[in-house]
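final.pdb follows; it contains PDB, C-alpha atoms and all ligand atoms.
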```
MODEL        1
ATOM      1  CA  MET A  12      -9.189 -74.318 104.144
ATOM      2  CA  ASN A  13      -9.762 -75.450 100.576
ATOM      3  CA  PRO A  14      -7.867 -73.205  98.140
ATOM      4  CA  ILE A  15      -9.993 -71.301  95.619
ATOM      5  CA  LEU A  16      -8.112 -69.446  92.881
ATOM      6  CA  ASP A  17      -9.454 -66.966  90.349
ATOM      7  CA  ASN A  18      -6.939 -67.304  87.519
ATOM      8  CA  HIS A  19      -7.761 -64.055  85.701
ATOM      9  CA  CYS A  20      -9.366 -60.934  87.113
ATOM     10  CA  HIS A  21      -8.728 -57.189  87.146
ATOM     11  CA  LEU A  22      -8.754 -54.756  90.048
ATOM     12  CA  ASP A  23      -9.035 -51.011  89.785
ATOM     13  CA  SER A  24      -8.963 -48.809  92.855
ATOM     14  CA  GLU A  25      -9.760 -45.673  90.810
ATOM     15  CA  GLU A  26     -12.663 -46.669  88.584
ATOM     16  CA  GLY A  27     -13.826 -49.883  90.217
ATOM     17  CA  MET A  28     -14.410 -51.420  93.625
ATOM     18  CA  GLY A  29     -10.742 -52.149  94.183
ATOM     19  CA  ILE A  30     -10.071 -53.845  97.508
ATOM     20  CA  ALA A  31     -13.808 -54.099  98.291
ATOM     21  CA  ALA A  32     -14.012 -56.620  95.422
ATOM     22  CA  VAL A  33     -11.238 -58.662  97.043
ATOM     23  CA  GLU A  34     -13.143 -58.584 100.345
ATOM     24  CA  ASP A  35     -16.230 -59.955  98.579
ATOM     25  CA  PHE A  36     -14.129 -62.693  97.032
ATOM     26  CA  SER A  37     -12.551 -63.578 100.362
ATOM     27  CA  LYS A  38     -15.878 -63.609 102.242
ATOM     28  CA  SER A  39     -17.256 -66.031  99.658
ATOM     29  CA  GLY A  40     -14.359 -68.412 100.282
ATOM     30  CA  GLY A  41     -11.867 -67.244  97.636
ATOM     31  CA  THR A  42      -8.258 -67.559  98.776
ATOM     32  CA  HIS A  43      -5.938 -66.795  95.845
ATOM     33  CA  MET A  44      -6.108 -64.653  92.709
ATOM     34  CA  LEU A  45      -4.096 -63.739  89.647
ATOM     35  CA  VAL A  46      -4.622 -60.073  88.865
ATOM     36  CA  VAL A  47      -3.971 -58.949  85.300
ATOM     37  CA  ASN A  48      -3.120 -55.301  84.609
ATOM     38  CA  GLN A  49      -5.873 -53.149  83.131
ATOM     39  CA  HIS A  50      -5.400 -52.430  79.451
ATOM     40  CA  SER A  51      -3.232 -49.422  78.701
ATOM     41  CA  TRP A  52      -5.955 -47.263  77.081
ATOM     42  CA  ARG A  53      -8.152 -47.251  80.189
ATOM     43  CA  GLY A  54      -9.434 -43.693  80.430
ATOM     44  CA  GLY A  55      -9.768 -43.420  76.647
ATOM     45  CA  LYS A  56      -6.246 -42.318  75.772
ATOM     46  CA  ASN A  57      -3.838 -44.611  73.966
ATOM     47  CA  PRO A  58      -0.408 -45.160  75.485
ATOM     48  CA  THR A  59       2.244 -43.114  73.702
ATOM     49  CA  ASP A  60       5.288 -44.000  75.724
ATOM     50  CA  ILE A  61       6.635 -47.089  77.413
ATOM     51  CA  SER A  62       6.146 -45.320  80.747
ATOM     52  CA  ASP A  63       2.367 -45.528  80.175
ATOM     53  CA  PHE A  64       2.664 -49.311  80.321
ATOM     54  CA  GLU A  65       4.924 -49.072  83.340
ATOM     55  CA  GLU A  66       2.362 -46.996  85.197
ATOM     56  CA  ARG A  67      -0.334 -49.680  84.652
ATOM     57  CA  PHE A  68       2.053 -52.415  85.761
ATOM     58  CA  TYR A  69       2.881 -50.586  88.988
ATOM     59  CA  GLN A  70      -0.821 -49.969  89.705
ATOM     60  CA  THR A  71      -1.352 -53.723  89.464
ATOM     61  CA  ILE A  72       1.596 -54.613  91.669
ATOM     62  CA  GLU A  73       0.400 -52.124  94.271
ATOM     63  CA  ILE A  74      -3.175 -53.410  94.449
ATOM     64  CA  VAL A  75      -1.922 -57.004  94.501
ATOM     65  CA  GLU A  76       0.073 -56.203  97.652
ATOM     66  CA  GLN A  77      -3.065 -54.782  99.243
ATOM     67  CA  ALA A  78      -5.133 -57.779  98.117
ATOM     68  CA  THR A  79      -2.634 -60.171  99.666
ATOM     69  CA  GLU A  80      -3.215 -58.492 103.039
ATOM     70  CA  VAL A  81      -6.954 -59.194 102.757
ATOM     71  CA  LEU A  82      -6.772 -62.768 101.468
ATOM     72  CA  GLN A  83      -6.273 -65.940 103.491
ATOM     73  CA  GLY A  84      -3.913 -66.994 100.721
ATOM     74  CA  ARG A  85      -2.447 -64.364  98.423
ATOM     75  CA  ALA A  86      -2.622 -62.552  95.083
ATOM     76  CA  TRP A  87      -0.096 -62.449  92.243
ATOM     77  CA  SER A  88       0.353 -60.047  89.326
ATOM     78  CA  VAL A  89       0.206 -60.991  85.666
ATOM     79  CA  LEU A  90       1.614 -58.303  83.362
ATOM     80  CA  GLY A  91       1.408 -57.742  79.640
ATOM     81  CA  ILE A  92      -0.088 -55.977  76.670
ATOM     82  CA  HIS A  93      -3.670 -56.413  75.502
ATOM     83  CA  PRO A  94      -3.708 -57.616  71.859
ATOM     84  CA  ALA A  95      -6.457 -55.166  70.834
ATOM     85  CA  LEU A  96      -3.993 -52.311  71.337
ATOM     86  CA  ILE A  97      -2.550 -52.854  67.854
ATOM     87  CA  SER A  98      -5.814 -51.755  66.178
ATOM     88  CA  ARG A  99      -6.080 -48.690  68.386
ATOM     89  CA  LEU A 100      -2.513 -47.617  67.639
ATOM     90  CA  VAL A 101      -2.984 -48.093  63.887
ATOM     91  CA  GLU A 102      -6.219 -46.065  64.003
ATOM     92  CA  ASP A 103      -4.168 -43.382  65.728
ATOM     93  CA  GLY A 104      -1.771 -43.185  62.768
ATOM     94  CA  GLN A 105       1.003 -45.632  63.632
ATOM     95  CA  THR A 106       2.130 -48.162  61.038
ATOM     96  CA  VAL A 107       1.441 -51.793  61.846
ATOM     97  CA  LYS A 108       5.178 -52.319  62.259
ATOM     98  CA  GLU A 109       5.555 -49.408  64.676
ATOM     99  CA  ALA A 110       2.588 -50.612  66.714
ATOM    100  CA  GLY A 111       3.997 -54.145  66.907
ATOM    101  CA  LYS A 112       7.403 -52.877  67.984
ATOM    102  CA  PHE A 113       5.893 -50.699  70.710
ATOM    103  CA  MET A 114       3.872 -53.632  72.039
ATOM    104  CA  CYS A 115       6.982 -55.840  72.104
ATOM    105  CA  GLU A 116       8.783 -53.159  74.109
ATOM    106  CA  GLY A 117       5.913 -53.211  76.585
ATOM    107  CA  LEU A 118       6.267 -56.983  76.885
ATOM    108  CA  ASP A 119      10.013 -56.581  77.463
ATOM    109  CA  MET A 120       9.273 -54.242  80.332
ATOM    110  CA  ALA A 121       6.729 -56.688  81.801
ATOM    111  CA  ALA A 122       9.324 -59.467  81.539
ATOM    112  CA  LYS A 123      11.858 -57.349  83.427
ATOM    113  CA  MET A 124       9.400 -56.784  86.248
ATOM    114  CA  ILE A 125       8.603 -60.507  86.378
ATOM    115  CA  ASP A 126      12.322 -61.208  86.500
ATOM    116  CA  ARG A 127      12.588 -58.935  89.545
ATOM    117  CA  GLY A 128       9.852 -60.961  91.249
ATOM    118  CA  ASP A 129       7.090 -58.350  90.942
ATOM    119  CA  ALA A 130       4.802 -60.666  88.926
ATOM    120  CA  ILE A 131       4.614 -64.329  87.941
ATOM    121  CA  ALA A 132       3.398 -64.508  84.346
ATOM    122  CA  LEU A 133       3.087 -62.625  81.064
ATOM    123  CA  LYS A 134      -0.107 -61.694  79.265
ATOM    124  CA  SER A 135      -0.309 -61.479  75.463
ATOM    125  CA  GLY A 136      -2.457 -62.816  72.624
ATOM    126  CA  ARG A 137      -3.978 -61.807  69.326
ATOM    127  CA  PRO A 138      -7.196 -60.012  68.335
ATOM    128  CA  HIS A 139     -10.475 -61.834  68.958
ATOM    129  CA  TYR A 140     -12.166 -59.880  66.150
ATOM    130  CA  GLU A 141     -11.675 -59.694  62.370
ATOM    131  CA  VAL A 142      -8.487 -57.805  61.361
ATOM    132  CA  SER A 143      -6.455 -57.238  58.184
ATOM    133  CA  GLN A 144      -3.896 -59.859  57.165
ATOM    134  CA  GLU A 145      -1.102 -57.401  58.016
ATOM    135  CA  ILE A 146      -2.398 -56.825  61.551
ATOM    136  CA  TRP A 147      -2.999 -60.548  62.041
ATOM    137  CA  GLU A 148       0.575 -61.385  61.036
ATOM    138  CA  MET A 149       2.062 -58.671  63.229
ATOM    139  CA  SER A 150      -0.133 -59.795  66.146
ATOM    140  CA  ASN A 151       1.289 -63.280  65.754
ATOM    141  CA  GLU A 152       4.780 -61.763  65.787
ATOM    142  CA  VAL A 153       4.005 -59.984  69.065
ATOM    143  CA  LEU A 154       2.533 -63.200  70.466
ATOM    144  CA  ARG A 155       5.635 -65.150  69.464
ATOM    145  CA  HIS A 156       7.778 -62.494  71.122
ATOM    146  CA  ALA A 157       5.846 -63.037  74.363
ATOM    147  CA  ILE A 158       6.321 -66.803  74.070
ATOM    148  CA  SER A 159      10.055 -66.376  73.474
ATOM    149  CA  LEU A 160      10.350 -64.220  76.609
ATOM    150  CA  ALA A 161       8.360 -66.782  78.612
ATOM    151  CA  ALA A 162      10.540 -69.598  77.251
ATOM    152  CA  LYS A 163      13.743 -67.797  78.227
ATOM    153  CA  MET A 164      12.453 -67.180  81.749
ATOM    154  CA  GLY A 165      10.610 -70.476  82.187
ATOM    155  CA  ILE A 166       7.358 -68.697  83.050
ATOM    156  CA  ALA A 167       3.756 -68.999  81.908
ATOM    157  CA  VAL A 168       1.929 -66.776  79.437
ATOM    158  CA  GLN A 169      -1.791 -66.062  79.536
ATOM    159  CA  LEU A 170      -3.316 -65.487  76.107
ATOM    160  CA  HIS A 171      -6.301 -63.478  74.996
ATOM    161  CA  THR A 172      -7.219 -64.928  71.572
ATOM    162  CA  GLU A 173     -10.009 -65.463  69.090
ATOM    163  CA  GLU A 174     -12.759 -67.820  70.251
ATOM    164  CA  THR A 175     -11.385 -71.276  69.526
ATOM    165  CA  GLU A 176     -11.005 -74.754  70.945
ATOM    166  CA  ASP A 177      -7.727 -75.456  69.207
ATOM    167  CA  LEU A 178      -4.551 -73.454  69.768
ATOM    168  CA  SER A 179      -2.142 -76.201  68.754
ATOM    169  CA  GLU A 180      -0.571 -73.791  66.241
ATOM    170  CA  VAL A 181       0.437 -71.601  69.184
ATOM    171  CA  SER A 182       1.554 -74.499  71.364
ATOM    172  CA  ASP A 183       3.754 -75.725  68.491
ATOM    173  CA  TRP A 184       5.533 -72.343  68.546
ATOM    174  CA  ALA A 185       5.945 -72.660  72.303
ATOM    175  CA  ILE A 186       7.383 -76.169  72.100
ATOM    176  CA  GLU A 187       9.780 -75.056  69.325
ATOM    177  CA  MET A 188      11.008 -72.227  71.531
ATOM    178  CA  GLY A 189      11.386 -74.471  74.557
ATOM    179  CA  LEU A 190       8.311 -73.467  76.537
ATOM    180  CA  PRO A 191       6.222 -76.423  77.770
ATOM    181  CA  TRP A 192       2.757 -76.168  76.205
ATOM    182  CA  GLN A 193       1.173 -76.477  79.662
ATOM    183  CA  LYS A 194       2.536 -73.002  80.457
ATOM    184  CA  VAL A 195       0.510 -71.491  77.629
ATOM    185  CA  VAL A 196      -2.871 -70.595  79.106
ATOM    186  CA  LYS A 197      -5.963 -69.632  77.134
ATOM    187  CA  HIS A 198      -7.795 -67.018  79.125
ATOM    188  CA  PHE A 199     -11.630 -66.903  78.734
ATOM    189  CA  ALA A 200     -11.675 -70.513  77.517
ATOM    190  CA  GLY A 201     -15.027 -72.093  76.751
ATOM    191  CA  GLY A 202     -14.296 -75.283  78.674
ATOM    192  CA  VAL A 203     -11.710 -77.009  76.507
ATOM    193  CA  CYS A 204      -8.849 -75.894  74.290
ATOM    194  CA  LYS A 205      -6.499 -78.210  72.444
ATOM    195  CA  GLY A 206      -2.777 -77.615  72.858
ATOM    196  CA  VAL A 207      -2.882 -75.281  75.869
ATOM    197  CA  THR A 208      -4.162 -75.097  79.442
ATOM    198  CA  PRO A 209      -7.684 -73.638  79.519
ATOM    199  CA  SER A 210      -8.586 -70.965  82.045
ATOM    200  CA  VAL A 211     -12.321 -71.499  81.921
ATOM    201  CA  ILE A 212     -14.757 -68.624  82.183
ATOM    202  CA  SER A 213     -16.777 -69.764  85.186
ATOM    203  CA  ARG A 214     -20.261 -69.983  83.726
ATOM    204  CA  LYS A 215     -22.206 -73.197  84.346
ATOM    205  CA  GLU A 216     -22.120 -74.501  80.793
ATOM    206  CA  GLU A 217     -18.413 -73.885  80.220
ATOM    207  CA  LEU A 218     -17.495 -75.485  83.549
ATOM    208  CA  GLU A 219     -19.628 -78.493  82.709
ATOM    209  CA  ARG A 220     -17.687 -78.944  79.463
ATOM    210  CA  ALA A 221     -14.351 -78.582  81.259
ATOM    211  CA  ILE A 222     -15.391 -81.241  83.777
ATOM    212  CA  GLN A 223     -16.548 -83.633  81.068
ATOM    213  CA  SER A 224     -13.221 -83.231  79.223
ATOM    214  CA  GLY A 225     -11.298 -84.804  82.110
ATOM    215  CA  LYS A 226      -8.361 -82.495  81.339
ATOM    216  CA  PRO A 227      -6.612 -80.078  83.748
ATOM    217  CA  PHE A 228      -8.138 -76.597  83.757
ATOM    218  CA  MET A 229      -8.307 -73.482  85.900
ATOM    219  CA  MET A 230     -11.221 -71.149  86.653
ATOM    220  CA  GLU A 231     -11.601 -67.403  86.139
ATOM    221  CA  THR A 232     -14.110 -64.570  86.078
ATOM    222  CA  ASP A 233     -12.279 -61.946  83.994
ATOM    223  CA  TYR A 234     -13.852 -59.571  86.543
ATOM    224  CA  LEU A 235     -13.358 -56.101  85.015
ATOM    225  CA  ASP A 236     -13.776 -53.946  88.103
ATOM    226  CA  ASP A 237     -15.369 -51.136  86.161
ATOM    227  CA  LEU A 238     -18.269 -49.385  87.879
ATOM    228  CA  ARG A 239     -19.492 -48.031  84.524
ATOM    229  CA  ARG A 240     -19.924 -51.557  83.167
ATOM    230  CA  PRO A 241     -21.554 -53.542  85.982
ATOM    231  CA  GLY A 242     -22.247 -57.136  85.047
ATOM    232  CA  ALA A 243     -20.192 -56.927  81.829
ATOM    233  CA  VAL A 244     -18.485 -60.133  82.897
ATOM    234  CA  LEU A 245     -18.736 -62.347  85.964
ATOM    235  CA  GLY A 246     -18.628 -60.984  89.500
ATOM    236  CA  MET A 247     -15.820 -61.632  91.928
ATOM    237  CA  LYS A 248     -17.878 -64.115  93.989
ATOM    238  CA  THR A 249     -18.473 -66.455  91.035
ATOM    239  CA  VAL A 250     -15.423 -68.726  91.298
ATOM    240  CA  PRO A 251     -15.873 -69.420  95.048
ATOM    241  CA  LYS A 252     -19.617 -70.025  94.629
ATOM    242  CA  ARG A 253     -19.294 -72.373  91.666
ATOM    243  CA  THR A 254     -16.364 -74.209  93.246
ATOM    244  CA  LYS A 255     -18.374 -74.883  96.411
ATOM    245  CA  LEU A 256     -21.312 -76.168  94.368
ATOM    246  CA  LEU A 257     -19.063 -78.445  92.343
ATOM    247  CA  ARG A 258     -17.427 -79.796  95.499
ATOM    248  CA  GLU A 259     -20.870 -80.530  96.900
ATOM    249  CA  ARG A 260     -21.752 -82.360  93.707
ATOM    250  CA  GLY A 261     -18.793 -84.684  94.294
ATOM    251  CA  TYR A 262     -16.166 -83.100  92.065
ATOM    252  CA  GLU A 263     -13.724 -82.628  94.941
ATOM    253  CA  GLU A 264     -10.801 -84.152  93.106
ATOM    254  CA  LEU A 265     -11.359 -82.050  89.995
ATOM    255  CA  MET A 266     -11.589 -78.906  92.104
ATOM    256  CA  GLU A 267      -8.269 -79.838  93.728
ATOM    257  CA  VAL A 268      -6.811 -80.111  90.212
ATOM    258  CA  ALA A 269      -8.264 -76.717  89.201
ATOM    259  CA  HIS A 270      -7.170 -74.794  92.291
ATOM    260  CA  VAL A 271      -4.005 -76.599  93.430
ATOM    261  CA  ASP A 272      -2.366 -78.978  90.930
ATOM    262  CA  THR A 273      -2.858 -77.023  87.698
ATOM    263  CA  PRO A 274      -1.711 -73.644  89.117
ATOM    264  CA  GLU A 275       1.371 -75.399  90.486
ATOM    265  CA  MET A 276       2.085 -77.080  87.150
ATOM    266  CA  VAL A 277       1.557 -73.858  85.162
ATOM    267  CA  TYR A 278       3.035 -71.152  87.411
ATOM    268  CA  GLY A 279       4.946 -73.119  90.034
ATOM    269  CA  ILE A 280       2.800 -71.541  92.768
ATOM    270  CA  LYS A 281       1.554 -73.263  95.902
ATOM    271  CA  THR A 282      -2.024 -72.610  96.938
ATOM    272  CA  ARG A 283      -2.093 -75.326  99.600
ATOM    273  CA  ASP A 284       0.704 -75.301 102.158
TER     274      ASP A 284
HETATM  275 ZN    ZN A 301      -9.115 -59.755  81.334
ENDMDL
END
```
Let me see the file written as structure tokens.
Ligand SMILES: [Zn+2]
Amino acid sequence: MNPILDNHCHLDSEEGMGIAAVEDFSKSGGTHMLVVNQHSWRGGKNPTDISDFEERFYQTIEIVEQATEVLQGRAWSVLGIHPALISRLVEDGQTVKEAGKFMCEGLDMAAKMIDRGDAIALKSGRPHYEVSQEIWEMSNEVLRHAISLAAKMGIAVQLHTEETEDLSEVSDWAIEMGLPWQKVVKHFAGGVCKGVTPSVISRKEELERAIQSGKPFMMETDYLDDLRRPGAVLGMKTVPKRTKLLRERGYEELMEVAHVDTPEMVYGIKTRD
């Protein structure tokens, strides 16, 4: 069995396909997945209490256990706070400072659950769209808080950021705080990203660029598992399909790096026993 890992996807047993999506992935040859919690305003209502985050985290942990039963390999949870939440909270009347503090508390809770062994990595970032200077600065504060937690625990952090191929500013913060830059992962990367480990969105063009770069990368779909938005991102079968094609084209070694060596370097997980 050749390991095939989707480094960033979502599963939702209430509004999406849930375990049926994992079955599709497995039937196509997928073996391992990192499942990121759905954002906390799913259902249209903003979180108002820390327990709203907790509920999302537990939903993720629960479906990851079920996914592990289906997979030849296993699934792991990634927990955190979506960076777009800050704008939603401010629109709802919170000050930027209050919103930032609330998001940091959510990250603290995620860190606690990771510490207990319920998940393996944090998720944070900063808005991918235009925001005010005040929101941008606070978002960077929240992001630095996530990095400091990851540094203390020696774990990885997946980042949702603006579209960019250079996050060396962020990796400098990580290095200063004692977190190896390799453990900072840019989710939805376009093939390459300076300073961090790219988790490449598995479209042909982006994968081609990642391959040409010769640098370690991982592959993801950012599968949303939302039946109201079919095809909004890539389907769950994409990573296995593309991986098989790339192996056939002779990129066996690179696929071993993407699905075995890089995940081990970043998260300390073993996908090949
Ligand atoms: Zn996502």
Practice task
Can you give me, as a PyMOL selection string, the residues this file yields under the PyMOL selection byres (((chain A and resi 181-186) around 10) and not hetatm)?
Solution key: chain A and resi 136+151+154-155+157-159+161-162+170+177-180+187-196+205-208
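If you look at CA of Glu148 in chain A and CA of Gly111 in chain A, they are 9.9 Å away from each other.
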Counting all atoms listed in the file, what residues are within 7 Å of ligand ZN 301 (chain A), given as a compact mmCIF listing (two decimals) with C-alpha atoms, keeping the file's coordinate frame?
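Once written, pocket_8.txt looks like this:
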```
# COMPACT_ATOMS: atom_id res chain seq x y z
CA HIS A 19 -7.76 -64.06 85.70
CA CYS A 20 -9.37 -60.93 87.11
CA HIS A 21 -8.73 -57.19 87.15
CA VAL A 47 -3.97 -58.95 85.30
CA ASP A 233 -12.28 -61.95 83.99
CA LEU A 235 -13.36 -56.10 85.02
```
Problem - Counting all atoms listed in the file, the option among A:Leu96, A:Val46, A:Val268, A:Val203 closest to Leu133 in chain A - result: A:Val46
Practice task
Kindly resolve the PyMOL selection byres (((chain A and resi 36) around 10) and not hetatm) on the present coordinates and return the residues as a PyMOL selection string.
Solution key: chain A and resi 15-17+30-35+37-44+81-82+246-252
Exercise for the section: Can you work out the spacing between CA of Thr106 in chain A and CA of Asp119 in chain A in Å, to one decimal? Expected result: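 For CA of Thr106 in chain A relative to CA of Asp119 in chain A, the distance reads 20.1 Å.
What separates CA of Arg258 in chain A from CA of Gly225 in chain A is a distance of 15.6 Å.
When only C-alpha atoms are used to measure the gap to His139 in chain A, the shortest distance among A:Met114, A:Lys123, A:His198, A:Gly54 belongs to A:His198.
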Handout entry: Output check: residues returned by the PyMOL selection byres (((chain A and resi 224) around 12) and not hetatm), as a ChimeraX atom specification
Key = /A:201-205,209,217-223,225-228,265
Mind listing whatever residues come within 7 Å of the point (1.7, -53.2, 74.5)? Use all atoms listed in the file, file coordinates, and give them as a compact mmCIF listing (two decimals) with C-alpha atoms, keeping the file's coordinate frame.
```txt
# COMPACT_ATOMS: atom_id res chain seq x y z
CA GLY A 91 1.41 -57.74 79.64
CA ILE A 92 -0.09 -55.98 76.67
CA HIS A 93 -3.67 -56.41 75.50
CA LEU A 96 -3.99 -52.31 71.34
CA PHE A 113 5.89 -50.70 70.71
CA MET A 114 3.87 -53.63 72.04
CA CYS A 115 6.98 -55.84 72.10
CA GLY A 117 5.91 -53.21 76.58
CA LEU A 118 6.27 -56.98 76.89
```
Completion exercise
Nearest to Ile74 in chain A, restricted to all atoms listed in the file and choosing among A:Gly29, A:Glu275, A:Leu160, A:Ser51, comes out as A:Gly29
Completion exercise
For Asp60 in chain A, the closest of A:Ala110, A:Ala78, A:Ala200, A:Met28 counting only C-alpha atoms is A:Ala110
Exercise for the section: For Ile72 in chain A, list every protein, DNA or RNA residue within 8 Å, evaluated using only C-alpha atoms, and leave out those in the same chain fewer than 6 positions away; present the list as a list of chain:residue names. Expected result: A:Ser88, A:Asp129, A:Ala130
Box in all listed atoms of range 238-247 of chain A, axis-aligned, with 3 Å more on each side; write out centre and edge lengths in Å to one decimal as lines of an AutoDock Vina configuration file.
```
center_x = -19.0
center_y = -55.2
center_z = 86.9
size_x = 12.4
size_y = 20.3
size_z = 16.1
```
Practice task
Would you be able to write out as a PyMOL selection string which residues have an atom within 8 Å of (-8.0, -50.1, 88.0) in the file's coordinates, counting only C-alpha atoms?
Solution key: chain A and resi 21-27+29+48-49+70-71+236-237
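In terms of minimum interatomic distance to Met229 in chain A, A:Pro274 ranks closest within A:Gly84, A:Gly279, A:Gly242, A:Pro274, counting only C-alpha atoms.
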Handout entry: Nearest candidate to Thr254 in chain A (options A:Met230, A:Thr273, A:Leu238, A:Asp284; using all atoms listed in the file)
Key = A:Met230
Handout entry: Distance query Val142 in chain A at most 12 Å, all atoms listed in the file, self and fewer than 4 positions along chain excluded, as a list in words
Key = Pro94, Ala95, Ile97, Ser98, Arg99, Val101, Val107, Arg137, Pro138, Ile146, Trp147, Glu148, Met149, Ser150 and Glu173 of chain A
Output as a CSV table (one decimal), in the coordinates of the input: range 18-29 of chain A, completed with N, CA and C atoms.
```csv
chain,number,residue,atom,x,y,z
A,18,ASN,N,-8.2,-67.3,88.3
A,18,ASN,CA,-6.9,-67.3,87.5
A,18,ASN,C,-6.8,-66.1,86.6
A,19,HIS,N,-7.9,-65.3,86.5
A,19,HIS,CA,-7.8,-64.1,85.7
A,19,HIS,C,-8.8,-63.1,86.1
A,20,CYS,N,-8.4,-62.0,86.8
A,20,CYS,CA,-9.4,-60.9,87.1
A,20,CYS,C,-8.6,-59.6,87.1
A,21,HIS,N,-9.3,-58.5,87.1
A,21,HIS,CA,-8.7,-57.2,87.1
A,21,HIS,C,-9.2,-56.5,88.4
A,22,LEU,N,-8.4,-55.6,88.9
A,22,LEU,CA,-8.8,-54.8,90.0
A,22,LEU,C,-8.4,-53.3,89.7
A,23,ASP,N,-9.3,-52.4,90.1
A,23,ASP,CA,-9.0,-51.0,89.8
A,23,ASP,C,-9.5,-50.2,91.0
A,24,SER,N,-8.6,-49.6,91.7
A,24,SER,CA,-9.0,-48.8,92.9
A,24,SER,C,-9.5,-47.4,92.5
A,25,GLU,N,-9.3,-47.0,91.2
A,25,GLU,CA,-9.8,-45.7,90.8
A,25,GLU,C,-11.2,-45.7,90.2
A,26,GLU,N,-11.4,-46.7,89.3
A,26,GLU,CA,-12.7,-46.7,88.6
A,26,GLU,C,-13.5,-47.9,88.9
A,27,GLY,N,-13.1,-48.7,89.8
A,27,GLY,CA,-13.8,-49.9,90.2
A,27,GLY,C,-14.0,-50.0,91.7
A,28,MET,N,-14.3,-51.2,92.2
A,28,MET,CA,-14.4,-51.4,93.6
A,28,MET,C,-13.1,-51.6,94.3
A,29,GLY,N,-12.1,-52.0,93.6
A,29,GLY,CA,-10.7,-52.1,94.2
A,29,GLY,C,-10.8,-53.2,95.3
```
